[in-house]
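Structure below is work32.pdb: PDB, C-alpha atoms.
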```pdb
ATOM      1  CA  MET E   3     -50.388 -72.865  56.183  1.00  0.00           C
ATOM      2  CA  ASP E   4     -51.164 -70.755  53.103  1.00  0.00           C
ATOM      3  CA  ARG E   5     -54.591 -69.484  54.155  1.00  0.00           C
ATOM      4  CA  LEU E   6     -56.430 -72.512  52.869  1.00  0.00           C
ATOM      5  CA  LYS E   7     -60.137 -71.700  52.947  1.00  0.00           C
ATOM      6  CA  LEU E   8     -62.337 -74.618  53.915  1.00  0.00           C
ATOM      7  CA  PHE E   9     -66.085 -74.345  53.629  1.00  0.00           C
ATOM      8  CA  GLU E  10     -68.508 -75.654  56.257  1.00  0.00           C
ATOM      9  CA  GLY E  11     -69.052 -79.058  54.642  1.00  0.00           C
ATOM     10  CA  GLU E  12     -65.337 -79.491  54.101  1.00  0.00           C
ATOM     11  CA  LEU E  13     -64.692 -78.672  57.746  1.00  0.00           C
ATOM     12  CA  LYS E  14     -67.280 -81.252  58.811  1.00  0.00           C
ATOM     13  CA  LEU E  15     -65.545 -83.924  56.771  1.00  0.00           C
ATOM     14  CA  MET E  16     -62.125 -82.876  58.079  1.00  0.00           C
ATOM     15  CA  GLU E  17     -63.454 -83.243  61.640  1.00  0.00           C
ATOM     16  CA  LEU E  18     -64.493 -86.804  60.833  1.00  0.00           C
ATOM     17  CA  LEU E  19     -61.120 -87.548  59.284  1.00  0.00           C
ATOM     18  CA  TRP E  20     -59.208 -86.043  62.208  1.00  0.00           C
ATOM     19  CA  GLU E  21     -61.224 -88.254  64.546  1.00  0.00           C
ATOM     20  CA  HIS E  22     -60.726 -91.319  62.314  1.00  0.00           C
ATOM     21  CA  GLU E  23     -57.341 -90.690  60.717  1.00  0.00           C
ATOM     22  CA  GLY E  24     -56.558 -93.279  58.061  1.00  0.00           C
ATOM     23  CA  ALA E  25     -60.197 -94.103  57.348  1.00  0.00           C
ATOM     24  CA  SER E  26     -61.075 -95.189  53.842  1.00  0.00           C
ATOM     25  CA  ALA E  27     -63.324 -93.049  51.665  1.00  0.00           C
ATOM     26  CA  LYS E  28     -66.030 -95.686  52.143  1.00  0.00           C
ATOM     27  CA  GLU E  29     -65.651 -95.547  55.940  1.00  0.00           C
ATOM     28  CA  LEU E  30     -65.821 -91.749  55.814  1.00  0.00           C
ATOM     29  CA  SER E  31     -68.993 -91.939  53.730  1.00  0.00           C
ATOM     30  CA  LEU E  32     -70.598 -94.183  56.360  1.00  0.00           C
ATOM     31  CA  LEU E  33     -69.458 -91.879  59.168  1.00  0.00           C
ATOM     32  CA  ALA E  34     -70.763 -88.828  57.279  1.00  0.00           C
ATOM     33  CA  ALA E  35     -74.096 -90.564  56.685  1.00  0.00           C
ATOM     34  CA  ASP E  36     -74.477 -91.117  60.433  1.00  0.00           C
ATOM     35  CA  ALA E  37     -73.059 -87.807  61.659  1.00  0.00           C
ATOM     36  CA  ILE E  38     -74.173 -85.376  58.966  1.00  0.00           C
ATOM     37  CA  GLY E  39     -76.829 -87.199  56.957  1.00  0.00           C
ATOM     38  CA  TRP E  40     -74.849 -87.109  53.723  1.00  0.00           C
ATOM     39  CA  ASN E  41     -75.152 -89.678  50.970  1.00  0.00           C
ATOM     40  CA  LYS E  42     -72.121 -91.438  49.535  1.00  0.00           C
ATOM     41  CA  ASN E  43     -71.894 -89.162  46.471  1.00  0.00           C
ATOM     42  CA  THR E  44     -71.813 -86.011  48.600  1.00  0.00           C
ATOM     43  CA  THR E  45     -69.015 -87.396  50.750  1.00  0.00           C
ATOM     44  CA  TYR E  46     -66.982 -88.470  47.721  1.00  0.00           C
ATOM     45  CA  THR E  47     -67.450 -85.039  46.125  1.00  0.00           C
ATOM     46  CA  VAL E  48     -66.196 -83.292  49.262  1.00  0.00           C
ATOM     47  CA  ILE E  49     -63.250 -85.705  49.499  1.00  0.00           C
ATOM     48  CA  LYS E  50     -62.386 -84.884  45.886  1.00  0.00           C
ATOM     49  CA  LYS E  51     -62.473 -81.141  46.656  1.00  0.00           C
ATOM     50  CA  LEU E  52     -60.267 -81.613  49.721  1.00  0.00           C
ATOM     51  CA  VAL E  53     -57.773 -83.635  47.675  1.00  0.00           C
ATOM     52  CA  ALA E  54     -57.691 -80.827  45.086  1.00  0.00           C
ATOM     53  CA  LYS E  55     -57.049 -78.313  47.883  1.00  0.00           C
ATOM     54  CA  GLU E  56     -54.265 -80.564  49.206  1.00  0.00           C
ATOM     55  CA  ALA E  57     -56.002 -80.801  52.567  1.00  0.00           C
ATOM     56  CA  ILE E  58     -56.101 -84.603  52.388  1.00  0.00           C
ATOM     57  CA  GLU E  59     -54.518 -87.329  50.327  1.00  0.00           C
ATOM     58  CA  ARG E  60     -56.080 -90.577  49.207  1.00  0.00           C
ATOM     59  CA  SER E  61     -53.954 -93.626  48.658  1.00  0.00           C
ATOM     60  CA  GLU E  62     -54.444 -97.124  47.354  1.00  0.00           C
ATOM     61  CA  PRO E  63     -55.461 -99.719  48.155  1.00  0.00           C
ATOM     62  CA  GLY E  64     -58.900 -98.815  49.393  1.00  0.00           C
ATOM     63  CA  PHE E  65     -58.821 -95.030  48.966  1.00  0.00           C
ATOM     64  CA  VAL E  66     -57.371 -94.547  52.449  1.00  0.00           C
ATOM     65  CA  CYS E  67     -57.526 -90.881  53.493  1.00  0.00           C
ATOM     66  CA  HIS E  68     -54.945 -88.965  55.504  1.00  0.00           C
ATOM     67  CA  SER E  69     -55.118 -85.336  56.556  1.00  0.00           C
ATOM     68  CA  LEU E  70     -52.377 -83.057  55.279  1.00  0.00           C
ATOM     69  CA  ILE E  71     -53.457 -80.174  57.505  1.00  0.00           C
ATOM     70  CA  GLY E  72     -53.991 -80.128  61.240  1.00  0.00           C
ATOM     71  CA  ARG E  73     -57.039 -79.138  63.247  1.00  0.00           C
ATOM     72  CA  GLU E  74     -55.086 -76.418  65.085  1.00  0.00           C
ATOM     73  CA  ASP E  75     -53.802 -74.908  61.821  1.00  0.00           C
ATOM     74  CA  VAL E  76     -57.312 -74.764  60.392  1.00  0.00           C
ATOM     75  CA  GLY E  77     -58.696 -73.364  63.641  1.00  0.00           C
ATOM     76  CA  ARG E  78     -56.044 -70.664  63.704  1.00  0.00           C
ATOM     77  CA  GLU E  79     -56.855 -69.662  60.115  1.00  0.00           C
ATOM     78  CA  GLU E  80     -60.587 -69.645  60.841  1.00  0.00           C
ATOM     79  CA  ALA E  81     -59.987 -67.449  63.887  1.00  0.00           C
ATOM     80  CA  LYS E  82     -57.909 -65.006  61.819  1.00  0.00           C
ATOM     81  CA  THR E  83     -60.690 -64.853  59.228  1.00  0.00           C
ATOM     82  CA  LEU E  84     -63.264 -64.193  61.958  1.00  0.00           C
ATOM     83  CA  VAL E  85     -61.171 -61.391  63.465  1.00  0.00           C
ATOM     84  CA  ARG E  86     -60.586 -59.794  60.032  1.00  0.00           C
ATOM     85  CA  SER E  87     -64.177 -60.171  58.833  1.00  0.00           C
ATOM     86  CA  PHE E  88     -66.175 -59.188  61.893  1.00  0.00           C
ATOM     87  CA  PHE E  89     -63.834 -57.244  64.136  1.00  0.00           C
ATOM     88  CA  GLY E  90     -61.757 -55.171  61.704  1.00  0.00           C
ATOM     89  CA  GLY E  91     -58.664 -57.189  62.499  1.00  0.00           C
ATOM     90  CA  SER E  92     -58.826 -56.338  66.199  1.00  0.00           C
ATOM     91  CA  VAL E  93     -58.384 -59.210  68.622  1.00  0.00           C
ATOM     92  CA  LYS E  94     -59.258 -56.769  71.395  1.00  0.00           C
ATOM     93  CA  ALA E  95     -62.645 -56.057  69.757  1.00  0.00           C
ATOM     94  CA  MET E  96     -63.322 -59.767  69.423  1.00  0.00           C
ATOM     95  CA  LEU E  97     -62.478 -60.472  73.056  1.00  0.00           C
ATOM     96  CA  SER E  98     -64.545 -57.485  74.172  1.00  0.00           C
ATOM     97  CA  SER E  99     -67.499 -58.870  72.241  1.00  0.00           C
ATOM     98  CA  PHE E 100     -67.208 -62.254  73.918  1.00  0.00           C
ATOM     99  CA  MET E 101     -66.730 -60.720  77.341  1.00  0.00           C
ATOM    100  CA  ALA E 102     -69.742 -58.410  76.897  1.00  0.00           C
ATOM    101  CA  GLU E 103     -71.916 -61.492  76.479  1.00  0.00           C
ATOM    102  CA  GLY E 104     -70.597 -62.958  79.713  1.00  0.00           C
ATOM    103  CA  SER E 105     -69.458 -66.010  77.805  1.00  0.00           C
ATOM    104  CA  LEU E 106     -66.053 -66.254  79.495  1.00  0.00           C
ATOM    105  CA  SER E 107     -65.771 -68.126  82.763  1.00  0.00           C
ATOM    106  CA  ASP E 108     -63.402 -66.870  85.444  1.00  0.00           C
ATOM    107  CA  GLU E 109     -61.085 -69.771  84.615  1.00  0.00           C
ATOM    108  CA  GLU E 110     -61.072 -68.894  80.897  1.00  0.00           C
ATOM    109  CA  ALA E 111     -60.392 -65.236  81.704  1.00  0.00           C
ATOM    110  CA  GLN E 112     -57.438 -66.251  83.886  1.00  0.00           C
ATOM    111  CA  GLU E 113     -56.076 -68.495  81.109  1.00  0.00           C
ATOM    112  CA  LEU E 114     -56.379 -65.619  78.630  1.00  0.00           C
ATOM    113  CA  ARG E 115     -54.497 -63.317  81.015  1.00  0.00           C
ATOM    114  CA  LEU E 116     -51.711 -65.877  81.182  1.00  0.00           C
ATOM    115  CA  LEU E 117     -51.616 -66.219  77.367  1.00  0.00           C
ATOM    116  CA  ILE E 118     -51.493 -62.440  76.945  1.00  0.00           C
ATOM    117  CA  ASP E 119     -48.734 -62.109  79.552  1.00  0.00           C
ATOM    118  CA  THR E 120     -46.756 -64.887  77.865  1.00  0.00           C
ATOM    119  CA  GLN E 121     -47.237 -63.323  74.408  1.00  0.00           C
ATOM    120  CA  GLY E 122     -46.084 -59.952  75.720  1.00  0.00           C
ATOM    121  CA  LYS E 123     -42.845 -61.494  76.998  1.00  0.00           C
ATOM    122  CA  LYS E 124     -42.069 -62.999  73.548  1.00  0.00           C
ATOM    123  CA  ASP E 125     -41.945 -59.589  71.867  1.00  0.00           C
TER     124      ASP E 125
END
```

Translate the structure described by the file into structure tokens.
Amino acid sequence: MDRLKLFEGELKLMELLWEHEGASAKELSLLAADAIGWNKNTTYTVIKKLVAKEAIERSEPGFVCHSLIGREDVGREEAKTLVRSFFGGSVKAMLSSFMAEGSLSDEEAQELRLLIDTQGKKD
């Protein structure tokens, strides 16, 4: 993924689309009205922006929407941005920040240890 930057509203709409892949623009506008409180015009504007960014495609008939990017890809890019912006590019600093708050459970800490051990063996 080429560091596609999605803004908060765009991410909200992508979440709806990922949950309802293949929904029409009209269906997405109804979902966004319920979930986010958006009106139809707002939803259509965000869809148009996401099409321009090549994050989704709309097809006829019925303006059916399909995601062109995956949730994991976007999450990975958002995480990289967070690490660069707030932690000087240091994953260690980010993890230390989370751990200082006591926000990691023992199970999560064990899973992270396993991920780190696995990553170390790849190199």

(message) If the PyMOL selection byres ((chain E and resi 52) around 10) were run on this exact file, what residues would it hold? Put them as a ChimeraX atom specification.
(response) /E:8,12-13,15-16,46-51,53-60,69-70

(request) Can you pull out every residue within 12 Å of Leu97 (chain E), counting all atoms listed in the file, but drop anything in the same chain fewer than 5 positions away, and send it as an MDAnalysis selection string? (result) chainID E and resid 81 84:85 88:89 91:92 102:106 110:111 114:115 118

(request) Figure out the distance between CA of Gly77 (chain E) and CA of Ala27 (chain E), please, to one decimal in Å. (result)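 One can read the CA of Ala27 (chain E) to CA of Gly77 (chain E) distance as 23.5 Å.
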
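Our summary of the geometry notes that CA of Leu18 (chain E) is positioned 12.6 Å from CA of Trp40 (chain E).
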
(request) Please write the residues picked by the PyMOL selection byres ((chain E and resi 30) around 9) on this file as a ChimeraX atom specification. (result) /E:15,18-19,22,25-29,31-35,42,45-46,67

Could those selected residues go to a file with C-alpha atoms, as a CSV table (one decimal), in the coordinates of the input?
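The resulting result_29.csv:
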```
chain,number,residue,atom,x,y,z
E,15,LEU,CA,-65.5,-83.9,56.8
E,18,LEU,CA,-64.5,-86.8,60.8
E,19,LEU,CA,-61.1,-87.5,59.3
E,22,HIS,CA,-60.7,-91.3,62.3
E,25,ALA,CA,-60.2,-94.1,57.3
E,26,SER,CA,-61.1,-95.2,53.8
E,27,ALA,CA,-63.3,-93.0,51.7
E,28,LYS,CA,-66.0,-95.7,52.1
E,29,GLU,CA,-65.7,-95.5,55.9
E,31,SER,CA,-69.0,-91.9,53.7
E,32,LEU,CA,-70.6,-94.2,56.4
E,33,LEU,CA,-69.5,-91.9,59.2
E,34,ALA,CA,-70.8,-88.8,57.3
E,35,ALA,CA,-74.1,-90.6,56.7
E,42,LYS,CA,-72.1,-91.4,49.5
E,45,THR,CA,-69.0,-87.4,50.8
E,46,TYR,CA,-67.0,-88.5,47.7
E,67,CYS,CA,-57.5,-90.9,53.5
```

(request) Can you work out the spacing between CA of Gly24 (chain E) and CA of His68 (chain E) in Å, to one decimal? (result) 5.3 Å

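Among the candidate residues E:Asp119, E:Ser98, E:Lys14, E:Trp20, the one lying nearest to Glu74 (chain E) is E:Trp20, with distances computed using only C-alpha atoms.
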
Enclose the full set of atoms of region 104-108 of chain E listed in the file within a box whose edges lie along x, y and z, apply 4 Å of padding to each of the six sides, and report centre and edge lengths in Å to one decimal as AutoDock Vina command-line options.
```
--center_x -67.0 --center_y -65.5 --center_z 81.6 --size_x 15.2 --size_y 13.2 --size_z 15.6
```

(request) Compile the contact shell of Lys7 (chain E) as a PyMOL selection string: residues with an atom at most 9 Å away, counting all atoms listed in the file, same-chain residues fewer than 5 positions apart removed. (result) chain E and resi 55+76+79-80
